[in-house]
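Text of the file protein.tsv, holding TSV, C-alpha atoms:
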chain	number	residue	atom	x	y	z
A	16	MET	CA	115.14	66.54	106.50
A	17	LYS	CA	118.23	66.85	104.35
A	18	LEU	CA	117.97	67.54	100.62
A	19	ILE	CA	120.49	67.96	97.82
A	20	HIS	CA	119.53	70.57	95.23
A	21	LEU	CA	120.90	70.31	91.67
A	22	SER	CA	119.90	71.88	88.38
A	23	ASP	CA	120.95	72.55	84.80
A	24	LEU	CA	122.90	69.39	84.17
A	25	HIS	CA	122.62	70.07	80.41
A	26	ILE	CA	123.66	66.50	79.67
A	27	GLY	CA	124.89	66.17	76.11
A	28	LYS	CA	126.05	69.79	75.87
A	29	ARG	CA	128.84	70.80	73.51
A	30	VAL	CA	130.94	73.86	74.34
A	31	ASN	CA	132.83	75.34	71.40
A	32	GLU	CA	132.18	72.07	69.54
A	33	ILE	CA	133.78	69.99	72.32
A	34	SER	CA	131.53	67.34	73.87
A	35	MET	CA	131.14	67.65	77.64
A	36	ILE	CA	129.73	64.14	78.11
A	37	GLU	CA	132.84	62.66	79.77
A	38	ASP	CA	133.13	65.65	82.09
A	39	GLN	CA	129.44	65.32	82.93
A	40	GLU	CA	129.85	61.63	83.72
A	41	TYR	CA	132.81	62.53	85.95
A	42	ILE	CA	130.89	65.20	87.89
A	43	LEU	CA	127.77	63.02	88.28
A	44	THR	CA	130.00	60.31	89.77
A	45	ARG	CA	131.36	62.90	92.20
A	46	ILE	CA	127.80	63.90	93.12
A	47	LEU	CA	127.00	60.25	93.88
A	48	GLN	CA	130.01	60.26	96.23
A	49	ILE	CA	128.68	63.39	97.96
A	50	ILE	CA	125.34	61.64	98.37
A	51	ASP	CA	127.11	58.76	100.11
A	52	GLU	CA	128.93	61.24	102.38
A	53	GLU	CA	125.93	63.46	103.21
A	54	ARG	CA	123.22	60.77	103.28
A	55	PRO	CA	120.33	63.04	102.24
A	56	ASP	CA	116.68	62.06	102.27
A	57	ALA	CA	116.00	63.27	98.73
A	58	LEU	CA	117.54	64.82	95.63
A	59	LEU	CA	115.93	67.75	93.80
A	60	ILE	CA	116.82	68.31	90.12
A	61	ALA	CA	115.38	71.65	89.00
A	62	GLY	CA	115.25	71.28	85.24
A	63	ASP	CA	117.42	71.37	82.11
A	64	VAL	CA	118.38	67.75	82.58
A	65	TYR	CA	119.39	67.67	78.93
A	66	ASP	CA	120.83	70.37	76.71
A	67	LYS	CA	118.43	69.69	73.84
A	68	ILE	CA	114.77	68.80	73.48
A	69	TYR	CA	115.90	65.75	71.49
A	70	PRO	CA	118.86	64.49	73.54
A	71	SER	CA	121.44	62.12	72.12
A	72	ALA	CA	121.40	58.43	72.98
A	73	GLU	CA	124.57	58.81	75.08
A	74	ALA	CA	123.00	61.71	77.04
A	75	VAL	CA	119.89	59.64	77.83
A	76	ALA	CA	122.04	56.65	78.80
A	77	LEU	CA	124.11	58.78	81.19
A	78	PHE	CA	121.07	60.20	82.98
A	79	ASP	CA	119.47	56.76	83.11
A	80	SER	CA	122.61	55.38	84.74
A	81	PHE	CA	122.59	58.23	87.27
A	82	LEU	CA	118.97	57.57	88.24
A	83	VAL	CA	119.62	53.83	88.56
A	84	ASN	CA	122.49	54.56	90.95
A	85	LEU	CA	120.20	56.80	93.00
A	86	THR	CA	117.60	54.06	93.34
A	87	LYS	CA	120.29	51.62	94.51
A	88	LYS	CA	120.94	54.05	97.37
A	89	LYS	CA	117.22	54.02	98.29
A	90	LEU	CA	117.18	57.79	97.70
A	91	LYS	CA	114.07	59.63	96.54
A	92	ALA	CA	114.65	61.84	93.49
A	93	PHE	CA	112.45	64.65	92.19
A	94	VAL	CA	112.97	65.82	88.60
A	95	ILE	CA	111.32	68.57	86.56
A	96	SER	CA	111.77	69.66	82.95
A	97	GLY	CA	113.43	72.97	82.09
A	98	ASN	CA	113.26	75.17	79.01
A	99	HIS	CA	115.89	72.99	77.28
A	100	ASP	CA	113.95	69.79	77.95
A	101	SER	CA	110.95	68.17	76.36
A	102	PRO	CA	108.33	67.99	79.17
A	103	GLU	CA	106.88	64.86	77.59
A	104	ARG	CA	110.24	63.09	77.48
A	105	ILE	CA	111.05	63.95	81.10
A	106	ALA	CA	107.58	62.80	82.19
A	107	PHE	CA	107.82	59.51	80.25
A	108	LEU	CA	107.23	56.45	82.48
A	109	GLY	CA	106.71	58.75	85.48
A	110	GLN	CA	103.98	56.54	86.95
A	111	LEU	CA	106.30	53.56	86.76
A	112	THR	CA	109.39	55.25	88.20
A	113	LYS	CA	107.44	56.39	91.27
A	114	LYS	CA	107.64	52.81	92.48
A	115	ALA	CA	111.43	53.17	92.55
A	116	GLY	CA	111.26	56.53	94.34
A	117	VAL	CA	111.95	58.67	91.24
A	118	TYR	CA	109.29	61.35	90.78
A	119	LEU	CA	109.23	62.89	87.29
A	120	ALA	CA	107.13	66.02	86.88
A	121	PRO	CA	104.22	65.43	84.50
A	122	VAL	CA	103.45	67.86	81.70
A	123	TYR	CA	101.73	70.92	83.21
A	124	GLN	CA	97.95	70.52	82.95
A	125	GLY	CA	96.80	73.29	85.26
A	126	ASN	CA	97.39	71.45	88.53
A	127	VAL	CA	100.52	70.62	90.51
A	128	GLU	CA	100.22	67.70	92.88
A	129	SER	CA	102.56	67.29	95.82
A	130	VAL	CA	104.59	64.34	97.04
A	131	GLU	CA	104.47	63.91	100.78
A	132	LEU	CA	107.57	63.17	102.84
A	133	GLU	CA	107.84	62.96	106.62
A	134	ASP	CA	110.50	63.31	109.30
A	135	GLU	CA	110.64	63.92	113.04
A	136	TYR	CA	109.30	67.47	112.55
A	137	GLY	CA	106.25	66.39	110.57
A	138	LYS	CA	105.21	66.43	106.92
A	139	VAL	CA	107.03	67.98	103.98
A	140	HIS	CA	105.16	68.55	100.72
A	141	VAL	CA	107.23	68.66	97.51
A	142	TYR	CA	105.62	70.40	94.51
A	143	LEU	CA	107.11	69.76	91.06
A	144	LEU	CA	106.48	72.59	88.58
A	145	PRO	CA	108.06	72.19	85.12
A	146	PHE	CA	109.13	75.27	83.17
A	147	ILE	CA	106.04	77.34	82.33
A	148	LYS	CA	105.20	80.37	80.23
A	149	PRO	CA	102.15	82.63	80.67
A	150	VAL	CA	100.47	80.95	77.69
A	151	HIS	CA	100.61	77.58	79.48
A	152	VAL	CA	98.83	78.95	82.53
A	153	ARG	CA	96.37	81.14	80.59
A	154	HIS	CA	95.09	78.05	78.80
A	155	PHE	CA	93.87	76.48	82.07
A	156	PHE	CA	92.81	79.66	83.92
A	157	ARG	CA	90.96	81.70	81.33
A	158	GLU	CA	89.17	83.74	83.99
A	159	GLU	CA	92.49	85.00	85.41
A	160	THR	CA	94.63	87.88	84.13
A	161	VAL	CA	97.88	86.24	83.02
A	162	ASN	CA	100.01	88.67	81.03
A	163	THR	CA	103.44	88.25	82.63
A	164	TYR	CA	105.55	85.44	84.03
A	165	THR	CA	104.90	86.81	87.54
A	166	ASP	CA	101.14	86.71	86.85
A	167	ALA	CA	101.50	83.10	85.73
A	168	MET	CA	103.43	82.03	88.82
A	169	ASN	CA	101.04	83.83	91.17
A	170	VAL	CA	98.08	82.03	89.58
A	171	VAL	CA	99.84	78.66	89.81
A	172	VAL	CA	100.70	79.15	93.49
A	173	LYS	CA	97.23	80.48	94.35
A	174	ASN	CA	95.72	77.27	93.01
A	175	LEU	CA	97.95	74.93	95.00
A	176	SER	CA	96.49	73.24	98.07
A	177	LEU	CA	99.19	74.61	100.38
A	178	ASN	CA	98.97	73.86	104.07
A	179	LEU	CA	100.97	76.77	105.48
A	180	LYS	CA	101.21	75.12	108.89
A	181	GLU	CA	103.35	72.40	107.35
A	182	ARG	CA	106.55	72.64	105.32
A	183	ASN	CA	106.31	73.10	101.57
A	184	ILE	CA	109.00	72.85	98.88
A	185	LEU	CA	108.69	74.05	95.31
A	186	VAL	CA	110.97	72.78	92.53
A	187	ALA	CA	110.79	75.21	89.60
A	188	HIS	CA	112.73	76.37	86.56
A	189	GLN	CA	112.27	80.10	86.03
A	190	PHE	CA	114.16	83.42	85.99
A	191	VAL	CA	113.74	85.42	89.20
A	192	THR	CA	114.23	89.16	88.92
A	193	GLY	CA	117.76	90.23	89.90
A	194	ALA	CA	119.50	86.90	89.30
A	195	MET	CA	123.07	87.15	87.99
A	196	ARG	CA	123.26	85.51	84.57
A	197	SER	CA	126.11	84.12	82.51
A	198	ASP	CA	126.73	83.70	78.79
A	199	SER	CA	125.71	80.02	78.72
A	200	GLU	CA	122.03	80.77	79.44
A	201	GLU	CA	119.23	81.60	77.06
A	202	ILE	CA	118.30	85.24	77.57
A	203	SER	CA	114.85	86.67	76.92
A	204	VAL	CA	115.06	90.09	75.30
A	205	GLY	CA	114.01	92.83	77.69
A	206	GLY	CA	113.72	90.53	80.68
A	207	LEU	CA	110.17	89.48	79.78
A	208	ASP	CA	110.61	86.19	81.62
A	209	ASN	CA	111.24	87.81	85.02
A	210	ILE	CA	109.35	86.56	88.06
A	211	GLU	CA	109.34	88.52	91.31
A	212	ALA	CA	110.79	86.56	94.25
A	213	ALA	CA	107.70	87.43	96.30
A	214	ALA	CA	105.79	84.81	94.29
A	215	PHE	CA	107.60	82.12	96.33
A	216	LEU	CA	107.00	83.53	99.84
A	217	ASP	CA	104.67	80.72	100.89
A	218	PHE	CA	107.31	78.03	100.41
A	219	ASP	CA	109.81	76.96	103.02
A	220	TYR	CA	112.31	76.35	100.22
A	221	THR	CA	112.17	76.99	96.48
A	222	ALA	CA	114.71	74.92	94.54
A	223	LEU	CA	115.29	76.86	91.34
A	224	GLY	CA	116.91	76.03	88.05
A	225	HIS	CA	117.61	78.09	84.91
A	226	ILE	CA	120.40	80.41	86.15
A	227	HIS	CA	123.88	78.93	86.04
A	228	ARG	CA	125.49	80.76	88.98
A	229	PRO	CA	124.65	79.51	92.50
A	230	GLN	CA	122.87	82.28	94.41
A	231	CYS	CA	120.08	83.05	96.84
A	232	MET	CA	117.35	85.44	95.77
A	233	GLY	CA	116.83	87.78	98.69
A	234	ASN	CA	116.96	85.03	101.32
A	235	GLU	CA	118.08	81.44	101.66
A	236	LYS	CA	114.57	80.14	101.04
A	237	VAL	CA	114.71	80.95	97.31
A	238	ARG	CA	117.86	79.61	95.69
A	239	TYR	CA	119.56	78.64	92.45
A	240	SER	CA	122.00	75.76	92.83
A	241	GLY	CA	123.70	76.65	89.53
A	242	THR	CA	125.26	74.23	87.06
A	243	PRO	CA	127.59	71.51	88.33
A	244	LEU	CA	130.03	72.43	85.53
A	245	LYS	CA	131.15	75.64	83.83
A	246	TYR	CA	129.60	76.02	80.40
A	247	SER	CA	131.01	79.37	79.28
A	248	PHE	CA	134.13	81.43	79.89
A	249	SER	CA	131.99	84.06	81.64
A	250	GLU	CA	131.87	81.45	84.44
A	251	SER	CA	135.65	80.94	84.60
A	252	GLN	CA	135.86	82.60	88.04
A	253	ASP	CA	132.77	80.87	89.42
A	254	LYS	CA	132.90	78.14	92.05
A	255	LYS	CA	130.52	75.32	91.17
A	256	SER	CA	128.82	73.38	93.93
A	257	VAL	CA	125.88	71.33	95.07
A	258	THR	CA	123.46	72.88	97.56
A	259	ILE	CA	122.67	71.02	100.77
A	260	VAL	CA	119.35	72.04	102.35
A	261	GLU	CA	118.38	71.06	105.88
A	262	LEU	CA	114.74	71.58	106.84
A	263	ARG	CA	114.13	71.38	110.54
A	264	GLU	CA	111.00	72.66	112.26
A	265	LYS	CA	108.77	75.07	110.28
A	266	GLY	CA	110.76	78.21	109.45
A	267	ASN	CA	114.18	76.74	110.25
A	268	VAL	CA	116.17	76.19	107.05
A	269	LYS	CA	119.95	75.75	106.85
A	270	ILE	CA	121.92	75.96	103.60
A	271	LYS	CA	125.48	74.93	102.78
A	272	GLU	CA	127.46	74.39	99.60
A	273	ILE	CA	129.85	71.59	98.75
A	274	LEU	CA	132.30	72.64	96.06
A	275	LEU	CA	132.70	70.52	92.95
A	276	LYS	CA	136.11	70.04	91.35
A	277	PRO	CA	135.73	69.37	87.62
A	278	ARG	CA	137.69	66.95	85.47
A	279	HIS	CA	138.77	69.94	83.38
A	280	ASP	CA	138.53	73.50	84.64
A	281	MET	CA	137.55	76.37	82.32
A	282	VAL	CA	140.29	79.01	82.39
A	283	LYS	CA	141.22	82.30	80.70
A	284	ILE	CA	144.85	83.38	80.28
A	285	LYS	CA	146.55	86.19	78.40
A	286	GLY	CA	150.06	87.06	77.23
A	287	THR	CA	152.20	87.21	74.13
A	288	PHE	CA	152.35	84.10	71.98
A	289	GLU	CA	155.87	83.39	73.23
A	290	GLU	CA	154.73	83.70	76.86
A	291	VAL	CA	151.66	81.53	76.39
A	292	MET	CA	153.63	78.82	74.59
A	293	ASN	CA	155.53	78.28	77.84
A	294	PRO	CA	153.14	76.69	80.38
A	295	GLY	CA	155.69	77.47	83.09
A	296	ASN	CA	154.53	81.09	82.91
A	297	PHE	CA	151.12	79.97	84.18
A	298	PRO	CA	151.87	77.54	87.02
A	299	GLN	CA	148.33	77.82	88.41
A	300	VAL	CA	146.81	76.54	85.14
A	301	ASP	CA	146.52	72.85	84.26
A	302	ALA	CA	147.51	72.51	80.60
A	303	GLU	CA	144.58	70.08	80.17
A	304	SER	CA	142.03	72.78	81.11
A	305	PHE	CA	139.44	74.09	78.70
A	306	LEU	CA	141.26	77.26	77.72
A	307	HIS	CA	140.53	80.73	76.37
A	308	VAL	CA	143.72	82.52	75.31
A	309	THR	CA	144.03	86.24	74.67
A	310	LEU	CA	147.21	87.07	72.76
A	311	LEU	CA	148.81	90.48	73.27
A	312	ASP	CA	150.93	90.39	70.11
A	313	GLU	CA	150.53	93.31	67.71
A	314	GLN	CA	150.75	91.01	64.67
A	315	ASP	CA	148.74	87.89	63.90
A	316	ILE	CA	150.62	84.66	64.62
A	317	PRO	CA	150.60	82.24	61.65
A	318	GLU	CA	148.83	79.00	62.65
A	319	GLY	CA	148.62	80.40	66.18
A	320	PHE	CA	145.62	78.34	67.29
A	321	ASN	CA	147.03	75.07	65.92
A	322	ARG	CA	150.43	75.68	67.47
A	323	LEU	CA	148.91	76.48	70.87
A	324	SER	CA	146.74	73.35	70.63
A	325	LEU	CA	149.91	71.23	70.67
A	326	ILE	CA	150.61	72.59	74.17
A	327	TYR	CA	147.02	72.95	75.33
A	328	PRO	CA	144.97	70.06	73.85
A	329	ASN	CA	141.67	71.48	75.13
A	330	LEU	CA	142.13	75.00	73.78
A	331	MET	CA	138.66	76.30	72.93
A	332	GLN	CA	139.10	79.94	71.98
A	333	MET	CA	141.90	82.28	70.94
A	334	GLU	CA	141.64	86.02	70.36
A	335	TYR	CA	143.93	89.03	70.09
If you took the structure in this file and wrote it as structure tokens, what would it be?
Amino acid sequence: MKLIHLSDLHIGKRVNEISMIEDQEYILTRILQIIDEERPDALLIAGDVYDKIYPSAEAVALFDSFLVNLTKKKLKAFVISGNHDSPERIAFLGQLTKKAGVYLAPVYQGNVESVELEDEYGKVHVYLLPFIKPVHVRHFFREETVNTYTDAMNVVVKNLSLNLKERNILVAHQFVTGAMRSDSEEISVGGLDNIEAAAFLDFDYTALGHIHRPQCMGNEKVRYSGTPLKYSFSESQDKKSVTIVELREKGNVKIKEILLKPRHDMVKIKGTFEEVMNPGNFPQVDAESFLHVTLLDEQDIPEGFNRLSLIYPNLMQMEY
């Protein structure tokens, strides 16, 4: 069974007051092309569909269009809410969309039901767990000790009806201890939201969202797909991708990445004002890129930002 793992679309996001909606539409179109090329059985979207709990009309319209295109391809899609989403809004019309093969995680009510898929190797059970905090779990399991995020996840998993002889997939949106973060994520002070990777040992694959850099957590079975676009200059050197997961017989999981080329890259350059004003000094940089410029001049340049913006129309930040 072949799956495509995405997360953290953050549709409707603004970076340095610049709307990313056109770039998001561009990259979602590219993902639809990859789906045509790879012909997966299902798509997993691991939370933070939107950037805000109350998304804009254009953000909702873009995601709606994306889902409609998925259903035209007869592709099953599994979607959970992340910490940026409203669980109720993501779950809205979930019973209806099931008929079109789009499974929207309901608001967490103490139980997580699975969706059953099947291929030549047998059954695959997909569990959709929206973003949870210990207080969410404690409310439904008052007899359990739930003080930490790891406690919460362990209680959730313990109460799933897992058949360990068959293949099980978890789609979740949490921070796993040791994950490499970037500046575009919400950070909990002191790492209170950490979950130990061992909490996911019973799953054949855990499709994670929340962290914006693609990475495996200890082994290929627990993985962040990362964002499809760069959302901060701390990610300027990152390579964005979609994750392709192939589940064969029990215990046999293969992972590969397909790189995503954005409409506008996010790039950092530095030099004197005179050097930066000449794009020929930076032949590797597209002048249309989202740009962070560090000037090496000893004196402030009058109207420096505005003058650079004439050369670089998507200049986002300038510093000395």
Query raised in the report: Please, what distance in Å, to one decimal, runs between CA of Ser80 (chain A) and CA of His20 (chain A)?
Result: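 Calculated distance between CA of Ser80 (chain A) and CA of His20 (chain A) is 18.7 Å.
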Query raised in the report: So, counting all atoms listed in the file, which residue among A:Ala57, A:Leu111, A:Met195, A:Ile210 is closest to His227 (chain A)?
Result: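 Once distances to His227 (chain A) are computed over all atoms listed in the file, the minimum belongs to A:Met195.
Closest approach to Ala194 (chain A) among A:Gln230, A:Thr44, A:Gln252, A:Asn296 is made by A:Gln230 (distances from all atoms listed in the file).
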Requested in this report: For region 67-75 of chain A, please output as a ChimeraX atom specification all residues within 8 Å (counting all atoms listed in the file; exclusion window: fewer than 3 positions along the same chain).
Outcome: /A:25-28,36,78-79,99-101
Nearby residues (all atoms listed in the file) at most 10 Å from Pro149 (chain A), same-chain spacing under 3 positions excluded, as a PDB file with C-alpha atoms, keeping the file's coordinate frame:
ATOM      1  CA  VAL A 152      98.830  78.950  82.530  1.00  0.00           C
ATOM      2  CA  ARG A 153      96.370  81.140  80.590  1.00  0.00           C
ATOM      3  CA  HIS A 154      95.090  78.050  78.800  1.00  0.00           C
ATOM      4  CA  THR A 160      94.630  87.880  84.130  1.00  0.00           C
ATOM      5  CA  VAL A 161      97.880  86.240  83.020  1.00  0.00           C
ATOM      6  CA  ASN A 162     100.010  88.670  81.030  1.00  0.00           C
ATOM      7  CA  THR A 163     103.440  88.250  82.630  1.00  0.00           C
ATOM      8  CA  TYR A 164     105.550  85.440  84.030  1.00  0.00           C
ATOM      9  CA  THR A 165     104.900  86.810  87.540  1.00  0.00           C
ATOM     10  CA  ASP A 166     101.140  86.710  86.850  1.00  0.00           C
ATOM     11  CA  ALA A 167     101.500  83.100  85.730  1.00  0.00           C
ATOM     12  CA  MET A 168     103.430  82.030  88.820  1.00  0.00           C
ATOM     13  CA  VAL A 170      98.080  82.030  89.580  1.00  0.00           C
ATOM     14  CA  ASP A 208     110.610  86.190  81.620  1.00  0.00           C
TER      15      ASP A 208
END
Report summary line: Taken to one decimal, the CA of Pro243 (chain A)-CA of Arg278 (chain A) distance is 11.4 Å
Query raised in the report: Hey, can you check how far CA of Thr309 (chain A) sits from CA of Gly286 (chain A)?
Result: 6.6 Å
Report task. Would you kindly identify which residues have an atom no farther than 10 Å from (151.7, 72.1, 75.6), using all atoms listed in the file and the file's own coordinates, and write them out as a PyMOL selection string? Result -> chain A and resi 291-294+302-303+322-328
Those same residues - C-alpha atoms - I'd like them written as a short mmCIF file (atom, residue, chain, number, x, y, z; two decimals), keeping the file's coordinate frame.
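Listing of out27.cif after writing:
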data_model
loop_
_atom_site.label_atom_id
_atom_site.label_comp_id
_atom_site.auth_asym_id
_atom_site.auth_seq_id
_atom_site.Cartn_x
_atom_site.Cartn_y
_atom_site.Cartn_z
CA VAL A 291 151.66 81.53 76.39
CA MET A 292 153.63 78.82 74.59
CA ASN A 293 155.53 78.28 77.84
CA PRO A 294 153.14 76.69 80.38
CA ALA A 302 147.51 72.51 80.60
CA GLU A 303 144.58 70.08 80.17
CA ARG A 322 150.43 75.68 67.47
CA LEU A 323 148.91 76.48 70.87
CA SER A 324 146.74 73.35 70.63
CA LEU A 325 149.91 71.23 70.67
CA ILE A 326 150.61 72.59 74.17
CA TYR A 327 147.02 72.95 75.33
CA PRO A 328 144.97 70.06 73.85
#
Give me the region 75-176 of chain A side of the contact with region 263-275 of chain A, cut-off 9 Å, one line per residue showing its nearest atom pair and distance in Å at one decimal, counting all atoms listed in the file, sorted by chain and residue number, as a tab-separated table.
residue	atom	partner	partner_atom	distance
A:Asp134	CA	A:Arg263	CA	8.9
A:Glu135	CA	A:Arg263	CA	8.6
A:Tyr136	CA	A:Glu264	CA	5.5
A:Gly137	CA	A:Glu264	CA	8.0
Using C-alpha atoms, can you export the residues from the last selection as a short mmCIF file (atom, residue, chain, number, x, y, z; two decimals), in the coordinates of the input?
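Everything below was put into again-v3.cif:
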data_model
loop_
_atom_site.label_atom_id
_atom_site.label_comp_id
_atom_site.auth_asym_id
_atom_site.auth_seq_id
_atom_site.Cartn_x
_atom_site.Cartn_y
_atom_site.Cartn_z
CA ASP A 134 110.50 63.31 109.30
CA GLU A 135 110.64 63.92 113.04
CA TYR A 136 109.30 67.47 112.55
CA GLY A 137 106.25 66.39 110.57
#
